[in-house]
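A.B. asks: Below you'll find data.txt; it's compact mmCIF, C-alpha atoms.
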```txt
# COMPACT_ATOMS: atom_id res chain seq x y z
CA MET A 1 104.51 100.83 167.21
CA VAL A 2 107.19 102.10 164.82
CA ARG A 3 108.32 99.89 161.94
CA PHE A 4 111.89 100.43 160.73
CA VAL A 5 112.92 99.04 157.37
CA ILE A 6 116.69 98.84 156.90
CA VAL A 7 118.15 98.17 153.44
CA ASP A 8 121.92 97.70 153.45
CA ASP A 9 124.20 95.09 151.87
CA ASP A 10 126.66 95.28 154.80
CA ARG A 11 125.56 92.92 157.59
CA ASP A 12 127.83 94.61 160.15
CA GLU A 13 126.32 97.98 159.27
CA ILE A 14 122.82 96.60 159.77
CA LEU A 15 123.79 95.34 163.22
CA HIS A 16 125.25 98.76 164.05
CA ILE A 17 122.10 100.58 162.93
CA LYS A 18 119.94 98.19 164.96
CA SER A 19 122.06 98.88 168.07
CA LEU A 20 121.63 102.64 167.59
CA LEU A 21 117.86 102.21 167.24
CA ASP A 22 117.82 100.23 170.48
CA GLU A 23 119.58 103.14 172.18
CA VAL A 24 117.23 105.92 171.13
CA VAL A 25 113.81 104.41 170.40
CA THR A 26 111.85 104.05 173.64
CA VAL A 27 108.48 103.34 172.03
CA ASP A 28 107.51 99.89 170.77
CA LYS A 29 109.33 99.13 167.55
CA GLU A 30 109.73 96.50 164.87
CA ILE A 31 112.82 96.19 162.68
CA VAL A 32 112.98 94.37 159.36
CA CYS A 33 116.14 94.13 157.27
CA PHE A 34 116.93 93.57 153.61
CA HIS A 35 120.20 93.38 151.67
CA LYS A 36 118.72 94.24 148.28
CA LEU A 37 115.46 94.68 146.44
CA ASN A 38 113.59 91.37 146.38
CA GLU A 39 109.98 90.22 146.42
CA ASN A 40 109.75 90.52 150.21
CA LEU A 41 110.95 94.11 150.12
CA LYS A 42 108.55 94.88 147.25
CA ASN A 43 105.69 93.51 149.35
CA GLU A 44 106.89 95.56 152.30
CA ILE A 45 106.80 98.71 150.20
CA LYS A 46 103.32 97.89 148.89
CA ASN A 47 102.00 97.58 152.46
CA THR A 48 101.07 101.19 153.17
CA ASP A 49 98.76 100.38 156.09
CA VAL A 50 101.67 101.03 158.46
CA ARG A 51 103.76 104.21 158.54
CA LYS A 52 107.44 103.36 158.50
CA VAL A 53 110.94 104.71 158.67
CA TYR A 54 113.05 103.51 155.74
CA ILE A 55 116.81 103.56 156.30
CA LEU A 56 118.40 103.08 152.90
CA ASP A 57 122.02 102.61 151.90
CA ILE A 58 122.37 104.37 148.55
CA GLU A 59 125.14 102.18 147.11
CA LEU A 60 123.96 98.59 147.29
CA ASN A 61 125.89 95.69 145.80
CA ASP A 62 123.09 95.25 143.32
CA LYS A 63 121.85 96.79 140.07
CA VAL A 64 119.03 98.47 142.03
CA SER A 65 120.33 101.31 144.22
CA GLY A 66 118.88 102.82 147.35
CA ILE A 67 117.71 105.76 145.22
CA ASN A 68 115.77 103.39 142.97
CA ILE A 69 114.17 101.78 146.03
CA ALA A 70 113.22 105.20 147.40
CA LYS A 71 111.49 106.02 144.12
CA LEU A 72 109.48 102.80 144.39
CA ILE A 73 108.49 103.78 147.92
CA ARG A 74 107.35 107.22 146.85
CA ASP A 75 105.30 105.76 144.00
CA VAL A 76 102.90 104.35 146.62
CA ASP A 77 103.80 105.91 149.96
CA TYR A 78 104.17 109.62 150.71
CA GLU A 79 103.78 109.29 154.48
CA SER A 80 106.70 107.13 155.60
CA GLU A 81 110.07 108.73 156.28
CA ILE A 82 113.17 108.02 154.18
CA LEU A 83 116.65 108.38 155.65
CA PHE A 84 119.62 107.83 153.31
CA ILE A 85 123.06 106.69 154.39
CA THR A 86 126.14 106.53 152.15
CA ASN A 87 129.92 106.45 152.01
CA HIS A 88 130.13 109.43 149.66
CA ASP A 89 128.81 112.96 150.02
CA SER A 90 128.89 113.28 146.22
CA MET A 91 125.57 111.41 146.12
CA PHE A 92 123.73 114.20 147.92
CA GLU A 93 122.69 116.09 144.80
CA SER A 94 121.43 112.93 143.06
CA VAL A 95 119.32 112.00 146.06
CA HIS A 96 117.57 115.34 146.37
CA ARG A 97 117.10 115.72 142.65
CA GLY A 98 115.64 112.24 142.22
CA VAL A 99 113.54 111.50 145.31
CA TYR A 100 110.62 113.43 146.75
CA GLU A 101 110.64 114.31 150.47
CA VAL A 102 113.78 112.80 152.00
CA PHE A 103 114.21 113.37 155.73
CA ASP A 104 118.03 113.44 155.69
CA PHE A 105 121.21 112.23 154.06
CA ILE A 106 123.98 110.95 156.37
CA GLU A 107 127.55 110.04 155.53
CA LYS A 108 128.73 106.87 157.25
CA PHE A 109 132.08 108.30 158.24
CA HIS A 110 131.14 111.80 159.35
CA ASP A 111 129.63 111.88 162.88
CA PHE A 112 127.29 109.12 161.76
CA ASP A 113 126.14 107.88 165.18
CA LYS A 114 125.39 111.35 166.51
CA ARG A 115 123.52 112.50 163.40
CA PHE A 116 121.63 109.24 163.01
CA LYS A 117 120.37 109.23 166.60
CA LYS A 118 119.39 112.89 166.38
CA ASP A 119 117.39 112.24 163.20
CA ILE A 120 115.64 109.18 164.62
CA LYS A 121 114.63 111.11 167.74
CA ALA A 122 113.22 113.90 165.58
CA ILE A 123 111.31 111.45 163.37
CA ILE A 124 109.78 109.65 166.34
CA LYS A 125 108.82 112.89 168.00
CA ARG A 126 107.26 114.29 164.84
CA ASN A 127 105.41 111.28 163.51
CA PHE A 128 105.00 108.42 165.93
CA ASP A 129 104.74 109.86 169.41
CA ASN A 130 101.04 109.39 170.17
CA LYS A 131 101.23 108.54 173.85
CA MET A 132 98.77 110.48 175.97
CA PHE A 133 98.26 111.39 179.60
CA ASN A 134 94.66 110.58 180.48
CA TYR A 135 93.01 111.75 183.68
CA LYS A 136 89.22 111.86 183.99
CA VAL A 137 88.10 114.02 181.04
CA LEU A 138 91.61 115.38 180.40
CA SER A 139 93.78 113.99 177.58
CA ILE A 140 97.15 115.53 176.66
CA TYR A 141 99.83 114.19 174.34
CA TYR A 142 103.03 113.49 176.28
CA ARG A 143 104.99 115.44 173.67
CA GLU A 144 102.94 118.57 174.44
CA ILE A 145 103.72 118.55 178.17
CA MET A 146 106.65 120.84 178.98
CA TYR A 147 106.76 120.42 182.74
CA ILE A 148 104.58 119.72 185.80
CA TYR A 149 104.79 121.41 189.18
CA THR A 150 102.96 121.42 192.49
CA ASP A 151 100.81 124.32 193.59
CA ASP A 152 98.73 124.27 196.76
CA ARG A 153 98.59 120.45 196.94
CA LYS A 154 97.60 120.13 193.29
CA LEU A 155 99.61 119.64 190.13
CA ILE A 156 99.82 122.12 187.28
CA ILE A 157 100.55 120.54 183.89
CA VAL A 158 102.16 123.12 181.62
CA THR A 159 102.07 122.86 177.81
CA SER A 160 103.25 125.45 175.30
CA ASN A 161 99.83 127.09 175.24
CA ASN A 162 97.90 126.03 178.33
CA GLU A 163 97.96 124.98 181.95
CA TYR A 164 95.84 122.19 183.45
CA THR A 165 95.19 121.42 187.11
CA VAL A 166 94.90 117.84 188.37
CA ASN A 167 94.32 116.61 191.89
CA MET A 168 97.35 114.31 192.13
CA THR A 169 100.78 114.09 193.73
CA ILE A 170 104.18 114.06 192.04
CA LYS A 171 104.61 110.41 193.01
CA GLU A 172 101.23 109.44 191.57
CA ILE A 173 101.63 111.17 188.23
CA LEU A 174 105.12 109.76 187.67
CA THR A 175 103.60 106.28 187.51
CA MET A 176 101.42 107.44 184.60
CA LEU A 177 104.24 108.94 182.50
CA ASP A 178 107.05 107.42 180.45
CA SER A 179 110.83 107.68 180.79
CA ARG A 180 111.14 111.11 179.16
CA PHE A 181 109.63 112.65 182.29
CA ARG A 182 112.11 113.09 185.15
CA GLN A 183 111.87 114.73 188.51
CA CYS A 184 114.13 117.80 188.63
CA HIS A 185 112.96 119.17 191.99
CA LYS A 186 110.86 117.89 194.87
CA SER A 187 108.02 119.95 193.41
CA CYS A 188 108.59 119.56 189.68
CA ILE A 189 108.79 117.07 186.80
CA VAL A 190 110.24 118.07 183.43
CA ASN A 191 109.89 116.58 179.97
CA THR A 192 113.56 115.94 179.14
CA ASP A 193 112.83 116.02 175.39
CA HIS A 194 112.31 119.77 175.76
CA ILE A 195 115.37 120.67 177.86
CA GLU A 196 117.66 123.17 176.18
CA LYS A 197 119.81 124.22 179.15
CA LYS A 198 120.29 123.25 182.82
CA ASP A 199 121.73 125.71 185.33
CA TYR A 200 122.23 123.91 188.64
CA LYS A 201 124.07 126.86 190.19
CA ASN A 202 121.10 129.19 189.78
CA GLY A 203 118.44 126.50 189.98
CA TYR A 204 116.62 126.76 186.67
CA ILE A 205 116.01 125.00 183.34
CA ILE A 206 115.50 126.61 179.93
CA LEU A 207 113.22 124.67 177.59
CA ASN A 208 113.42 124.58 173.80
CA ASN A 209 110.46 126.95 173.44
CA GLY A 210 112.12 129.57 175.66
CA MET A 211 110.21 128.74 178.86
CA LYS A 212 112.17 129.10 182.10
CA VAL A 213 111.48 126.52 184.81
CA ASP A 214 112.58 127.79 188.22
CA TYR A 215 112.66 124.32 189.74
CA LEU A 216 116.03 122.60 189.55
CA SER A 217 117.76 120.92 192.45
CA LYS A 218 121.24 119.37 192.58
CA LYS A 219 119.61 116.55 194.52
CA PHE A 220 118.07 115.34 191.24
CA MET A 221 121.14 115.69 189.01
CA LYS A 222 121.33 111.92 188.42
CA GLU A 223 117.74 111.92 187.22
CA LEU A 224 118.56 114.31 184.39
CA ASP A 225 122.06 113.15 183.40
```
Would you mind writing the file out in C-alpha cells?

C.D. replies:
Amino acid sequence: MVRFVIVDDDRDEILHIKSLLDEVVTVDKEIVCFHKLNENLKNEIKNTDVRKVYILDIELNDKVSGINIAKLIRDVDYESEILFITNHDSMFESVHRGVYEVFDFIEKFHDFDKRFKKDIKAIIKRNFDNKMFNYKVLSIYYREIMYIYTDDRKLIIVTSNNEYTVNMTIKEILTMLDSRFRQCHKSCIVNTDHIEKKDYKNGYIILNNGMKVDYLSKKFMKELD
C-alpha cells in the first residue's frame, strides 16, 4: 500500500494529479488531499508509521507555503518522499536551500504530466515495490527479475546477478506475476520496467542494465506496446 498526500489549493489540479496517479500506480494506493495546512494535515504528518509520498504545491493560497509544510514533514519524517510542484521555476533555489532531501521539483507548465509520471514510477520502484515471487523455498522480489525463459522444459528466472531454475511452464508462472511482466516470445517473459530498447526486426530486447534478451517475436507486439 502506498499513501499519497496531495497538498494543493487548486481543486482542478488535485483532480488532475489523482488521474495521473491512477494511470501509473499499479500497486494498492490511498490518496488523501488537503488545500492548506490544518489540524488534519498536521496529524497526517505526525503519523510516521506509514511511508508516504507527499506532493506539495509550493505556492498555496495561505500564509503557510508548501516549503513550510515540507519543513514540518522533515522535522519528524526523513523516510517519506517529497515532490514539489509549482508555477515558477524561480522557486527551485529556495526549495533546495530550505528543505532536506527533496525527490524532485516540477513546473506545472513544462512537460508536467510526463515528468510527474516518470517520478512517481521511480519512487514506487525504489521505495514501495515489495511484491515477491514465491515458489517452494525460492523468494525473489519482482523488481529484481529481468526476464524469464524456457530451457529444457524448465524456466530460468534471470536477475541482474543470478539465475534460478523452477519446474513450471510459461502459462503457469504468468498467473503468479503482476502486469509488469509480459510475454515477448513463446519461450520468454520480460519485466517491462527494465526494457530499454525493442528491436523487432532483429528479434531482441536490450534491458536497462545492458542485458540482451534474444527472445522477441512480432507475434507479441501488442503485449509490449

A.B. asks: Skip A:Met132 itself and residues of its chain fewer than 5 positions away, then list as a list in words all residues within 9 Å of it, counting all atoms listed in the file.

C.D. replies: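 Listed by chain and then number, they are Ser139, Ile140, Tyr141, Tyr142, Arg143 and Leu177 of chain A.
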
A.B. asks: Within 12 Å of A:Val5, counting only C-alpha atoms, which residues qualify if same-chain residues fewer than 6 places away don't, as a ChimeraX atom specification?

C.D. replies: /A:14,17-18,21,29-36,40-42,44-45,50-57,69-70,73,80-84

A.B. asks: From the options A:Lys125, A:Arg180, A:Lys46, A:Lys63, which residue's atoms come nearest to A:Val76, counting all atoms listed in the file?

C.D. replies: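 Result for the nearest residue to A:Val76: A:Lys46.
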
A.B. asks: What is the atom CA of A:Ile189-atom CA of A:Ile148 distance in Å, reported with one decimal?

C.D. replies: 5.1 Å

A.B. asks: Need the axis-aligned box for stretch 153-169 of chain A with 4 Å each side, so what are the centre and edges in Å to one decimal, as lines of an AutoDock Vina configuration file?

C.D. replies:
```
center_x = 98.8
center_y = 120.6
center_z = 186.1
size_x = 16.9
size_y = 21.0
size_z = 29.7
```
